[in-house]
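Participant: Contents are mmCIF, C-alpha atoms; file name query01.cif:
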data_protein
#
loop_
_atom_site.group_PDB
_atom_site.id
_atom_site.type_symbol
_atom_site.label_atom_id
_atom_site.label_comp_id
_atom_site.auth_asym_id
_atom_site.auth_seq_id
_atom_site.Cartn_x
_atom_site.Cartn_y
_atom_site.Cartn_z
ATOM 1 C CA MET O 1 -53.300 26.874 37.169
ATOM 2 C CA LEU O 2 -50.454 24.371 36.997
ATOM 3 C CA MET O 3 -48.059 24.464 39.931
ATOM 4 C CA LEU O 4 -44.602 22.986 39.616
ATOM 5 C CA GLN O 5 -43.212 21.155 42.580
ATOM 6 C CA SER O 6 -39.537 20.805 43.312
ATOM 7 C CA THR O 7 -38.695 17.143 43.624
ATOM 8 C CA PRO O 8 -35.428 15.495 44.638
ATOM 9 C CA LEU O 9 -35.144 14.103 41.093
ATOM 10 C CA GLY O 10 -35.709 17.538 39.558
ATOM 11 C CA HIS O 11 -33.126 19.101 41.877
ATOM 12 C CA ALA O 12 -30.569 16.401 41.005
ATOM 13 C CA ARG O 13 -31.170 16.989 37.307
ATOM 14 C CA ASP O 14 -30.624 20.742 37.805
ATOM 15 C CA VAL O 15 -27.386 20.117 39.721
ATOM 16 C CA ILE O 16 -26.088 17.759 37.016
ATOM 17 C CA GLN O 17 -26.982 20.285 34.298
ATOM 18 C CA SER O 18 -25.238 23.070 36.230
ATOM 19 C CA MET O 19 -22.096 20.926 36.610
ATOM 20 C CA ALA O 20 -22.105 20.127 32.884
ATOM 21 C CA ASN O 21 -22.418 23.824 32.032
ATOM 22 C CA HIS O 22 -19.534 24.660 34.390
ATOM 23 C CA ARG O 23 -17.297 22.020 32.740
ATOM 24 C CA LYS O 24 -18.144 23.345 29.256
ATOM 25 C CA HIS O 25 -17.398 26.911 30.319
ATOM 26 C CA ARG O 26 -14.111 25.814 31.966
ATOM 27 C CA GLY O 27 -13.124 23.971 28.769
ATOM 28 C CA TYR O 28 -13.900 26.973 26.588
ATOM 29 C CA ARG O 29 -12.123 29.345 28.984
ATOM 30 C CA THR O 30 -9.063 27.056 28.983
ATOM 31 C CA GLN O 31 -8.980 27.132 25.172
ATOM 32 C CA LYS O 32 -9.058 30.941 25.283
ATOM 33 C CA VAL O 33 -6.287 31.143 27.894
ATOM 34 C CA ILE O 34 -4.086 28.814 25.817
ATOM 35 C CA ALA O 35 -4.762 30.679 22.558
ATOM 36 C CA ASP O 36 -3.890 33.978 24.251
ATOM 37 C CA TYR O 37 -0.690 32.454 25.665
ATOM 38 C CA LEU O 38 0.364 31.116 22.258
ATOM 39 C CA LYS O 39 0.010 34.561 20.670
ATOM 40 C CA GLN O 40 3.523 35.388 21.867
ATOM 41 C CA TRP O 41 4.720 32.983 19.132
ATOM 42 C CA TRP O 42 1.745 32.880 16.723
ATOM 43 C CA GLU O 43 -0.098 36.202 16.748
ATOM 44 C CA TYR O 44 -3.212 34.773 15.089
ATOM 45 C CA ALA O 45 -3.706 31.872 17.516
ATOM 46 C CA ASP O 46 -7.402 31.580 18.305
ATOM 47 C CA THR O 47 -9.842 29.216 19.959
ATOM 48 C CA ALA O 48 -12.100 27.051 17.840
ATOM 49 C CA GLY O 49 -14.910 27.389 20.389
ATOM 50 C CA ALA O 50 -16.540 24.883 22.676
ATOM 51 C CA GLY O 51 -17.971 21.666 21.305
ATOM 52 C CA ARG O 52 -16.671 22.110 17.776
ATOM 53 C CA GLN O 53 -15.125 19.135 15.971
ATOM 54 C CA GLY O 54 -11.463 19.323 15.000
ATOM 55 C CA GLU O 55 -8.569 21.275 16.407
ATOM 56 C CA ASP O 56 -9.199 23.284 19.577
ATOM 57 C CA ILE O 57 -6.646 25.997 18.783
ATOM 58 C CA LEU O 58 -6.579 27.479 15.290
ATOM 59 C CA ASN O 59 -3.919 29.223 13.193
ATOM 60 C CA ILE O 60 -0.906 27.336 14.563
ATOM 61 C CA PRO O 61 1.092 26.091 11.570
ATOM 62 C CA SER O 62 2.298 22.485 11.686
ATOM 63 C CA ILE O 63 0.809 21.766 15.152
ATOM 64 C CA SER O 64 -2.653 20.433 15.964
ATOM 65 C CA ILE O 65 -3.654 21.151 19.566
ATOM 66 C CA GLU O 66 -6.265 19.275 21.575
ATOM 67 C CA VAL O 67 -7.150 21.071 24.840
ATOM 68 C CA LYS O 68 -8.362 19.249 27.932
ATOM 69 C CA ALA O 69 -9.543 20.742 31.230
ATOM 70 C CA ARG O 70 -10.761 17.650 33.007
ATOM 71 C CA ALA O 71 -10.457 15.749 36.261
ATOM 72 C CA ASP O 72 -10.163 12.370 34.571
ATOM 73 C CA PHE O 73 -6.952 11.342 32.846
ATOM 74 C CA GLN O 74 -7.195 9.496 29.534
ATOM 75 C CA PRO O 75 -3.987 10.455 27.705
ATOM 76 C CA LEU O 76 -4.116 7.680 25.095
ATOM 77 C CA ALA O 77 -7.689 8.553 24.095
ATOM 78 C CA TRP O 78 -6.816 12.259 23.987
ATOM 79 C CA ILE O 79 -3.711 11.838 21.819
ATOM 80 C CA LYS O 80 -5.711 9.587 19.477
ATOM 81 C CA GLN O 81 -8.332 12.333 19.267
ATOM 82 C CA ALA O 82 -5.634 14.918 18.554
ATOM 83 C CA ALA O 83 -4.120 12.663 15.862
ATOM 84 C CA SER O 84 -7.514 12.109 14.220
ATOM 85 C CA ASN O 85 -7.941 15.901 13.918
ATOM 86 C CA ALA O 86 -4.334 16.672 12.932
ATOM 87 C CA ASN O 87 -4.585 16.445 9.112
ATOM 88 C CA GLY O 88 -0.828 15.955 8.760
ATOM 89 C CA LYS O 89 0.134 18.333 11.570
ATOM 90 C CA LEU O 90 1.972 17.343 14.771
ATOM 91 C CA PRO O 91 -0.741 16.260 17.261
ATOM 92 C CA ILE O 92 -0.289 17.420 20.860
ATOM 93 C CA VAL O 93 -2.491 17.702 23.922
ATOM 94 C CA ILE O 94 -2.421 20.605 26.375
ATOM 95 C CA MET O 95 -4.054 19.720 29.680
ATOM 96 C CA ARG O 96 -5.219 21.991 32.478
ATOM 97 C CA CYS O 97 -5.302 19.969 35.692
ATOM 98 C CA ASN O 98 -7.775 20.634 38.477
ATOM 99 C CA GLY O 99 -6.480 23.337 40.778
ATOM 100 C CA GLN O 100 -4.460 25.105 38.097
ATOM 101 C CA GLY O 101 -5.293 28.721 37.540
ATOM 102 C CA GLU O 102 -5.135 30.569 34.251
ATOM 103 C CA ASP O 103 -1.365 30.572 33.674
ATOM 104 C CA ALA O 104 -1.195 28.461 30.509
ATOM 105 C CA GLY O 105 2.584 28.279 30.850
ATOM 106 C CA GLU O 106 2.009 25.937 33.795
ATOM 107 C CA TYR O 107 -0.305 23.520 31.955
ATOM 108 C CA LEU O 108 0.894 20.105 30.819
ATOM 109 C CA LEU O 109 1.722 19.365 27.195
ATOM 110 C CA PHE O 110 2.179 15.881 25.800
ATOM 111 C CA GLY O 111 2.412 13.924 22.612
ATOM 112 C CA LYS O 112 4.030 10.770 21.300
ATOM 113 C CA VAL O 113 7.748 10.420 21.981
ATOM 114 C CA LYS O 114 8.407 9.462 18.346
ATOM 115 C CA ASP O 115 6.824 12.747 17.243
ATOM 116 C CA ILE O 116 8.417 15.080 19.798
ATOM 117 C CA MET O 117 11.997 13.775 20.129
ATOM 118 C CA PRO O 118 13.126 14.542 16.561
ATOM 119 C CA ILE O 119 12.080 18.154 17.094
ATOM 120 C CA ILE O 120 13.939 18.419 20.407
ATOM 121 C CA ALA O 121 16.975 16.594 19.025
ATOM 122 C CA SER O 122 17.155 18.917 16.035
ATOM 123 C CA LYS O 123 17.797 21.828 18.412
ATOM 124 C CA ALA O 124 19.324 20.307 21.541
ATOM 125 C CA PRO O 125 22.575 18.676 20.306
ATOM 126 C CA SER O 126 24.315 21.957 19.559
ATOM 127 C CA HIS O 127 22.614 24.083 22.174
ATOM 128 C CA GLU O 128 22.845 24.056 25.946
ATOM 129 C CA ILE O 129 19.487 24.306 27.699
ATOM 130 C CA VAL O 130 19.432 26.938 30.462
ATOM 131 C CA ARG O 131 16.802 28.710 32.550
ATOM 132 C CA CYS O 132 15.928 32.376 32.370
ATOM 133 C CA ASP O 133 17.182 34.264 35.452
ATOM 134 C CA GLN O 134 13.983 36.336 35.526
ATOM 135 C CA ASP O 135 11.171 33.774 35.341
ATOM 136 C CA GLY O 136 12.739 30.312 35.110
ATOM 137 C CA THR O 137 11.631 29.574 31.531
ATOM 138 C CA TYR O 138 13.700 26.853 29.834
ATOM 139 C CA LEU O 139 15.444 28.046 26.677
ATOM 140 C CA PHE O 140 18.563 27.499 24.617
ATOM 141 C CA LYS O 141 21.682 29.338 25.785
ATOM 142 C CA GLY O 142 21.997 32.682 24.004
ATOM 143 C CA MET O 143 18.293 32.788 23.116
ATOM 144 C CA GLU O 144 16.142 35.685 24.322
ATOM 145 C CA CYS O 145 13.464 34.599 26.795
ATOM 146 C CA PRO O 146 10.074 34.978 25.058
ATOM 147 C CA THR O 147 8.295 35.735 28.351
ATOM 148 C CA CYS O 148 10.744 38.495 29.259
ATOM 149 C CA ARG O 149 10.604 39.836 25.685
ATOM 150 C CA SER O 150 6.809 39.917 25.871
ATOM 151 C CA MET O 151 6.861 41.706 29.236
ATOM 152 C CA SER O 152 9.382 44.314 28.048
ATOM 153 C CA THR O 153 7.363 44.894 24.868
ATOM 154 C CA ASN O 154 4.171 45.329 26.912
ATOM 155 C CA ALA O 155 5.975 47.736 29.280
ATOM 156 C CA SER O 156 7.291 49.781 26.339
ATOM 157 C CA ASN O 157 3.821 49.932 24.776
ATOM 158 C CA ALA O 158 2.285 51.149 28.055
ATOM 159 C CA LYS O 159 4.542 54.243 28.146
#
Taking this structure as input, can you express it in the form of structure tokens?

Facilitator:
Amino acid sequence: MLMLQSTPLGHARDVIQSMANHRKHRGYRTQKVIADYLKQWWEYADTAGAGRQGEDILNIPSISIEVKARADFQPLAWIKQAASNANGKLPIVIMRCNGQGEDAGEYLLFGKVKDIMPIIASKAPSHEIVRCDQDGTYLFKGMECPTCRSMSTNASNAK
């Protein structure tokens, strides 16, 4: 009968494997949280799944999203990865920092200034940016807050 012995090397390998599995699960979970958050604007937003090549969030017209849930910070490499998967869409990165929970509205979003500024400028010159009195979301003056709209719709559906 063969008996397996636990060795320090075997234990270290198990710990490393467990950490890798945790990081993969956290990455996949972050994709899901972001896709669910984006459904308030794009109802068919969905995650591509862990480890798949290409965009991390599917069914978002004109925007290619790369999701990162990592401790290291390599923004140039990540935006290059997003651009390589963009296929003519606007490449952006959404990053979940360590210590952030599952409120995707608090995650960081970044892209190249030359890509983002024309979009902001197309809306901002004639609109004053204000904050929602209810939840602090930034929006253009006179615009309905999407978070408040979503909460009131959910409350109406629950009745």

Participant: Determine the residue membership of the PyMOL selection byres ((chain O and resi 142) around 12) for the file above and supply it as a list in words.

Facilitator: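 What the PyMOL selection byres ((chain O and resi 142) around 12) grabs from the file is Ser126, His127, Glu128, Ile129, Val130, Arg131, Cys132, Tyr138, Leu139, Phe140, Lys141, Met143, Glu144 and Cys145 of chain O.
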
Participant: Taking into account only C-alpha atoms, which residue in the set O:Asp115, O:Ala86, O:Ile60, O:Gly105 is nearest to O:Thr137?

Facilitator: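 Closest residue, counting only C-alpha atoms: O:Gly105.
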
Participant: Could you work out how far atom CA of O:Tyr44 lies from atom CA of O:Pro91, giving the answer in Å with one decimal?

Facilitator: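 Value for the atom CA of O:Pro91-atom CA of O:Tyr44 distance: 18.8 Å.
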
Participant: Please indicate the distance in Å from atom CA of O:Ala82 to atom CA of O:Glu55, rounded to one decimal place.

Facilitator: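 Computing it gives 7.3 Å between the two atoms.
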
Participant: Need the axis-aligned box for stretch 101-109 of chain O with 6 Å each side, so what are the centre and edges in Å to one decimal, as AutoDock Vina command-line options?

Facilitator:
--center_x -1.4 --center_y 25.0 --center_z 32.4 --size_x 19.9 --size_y 23.2 --size_z 22.3
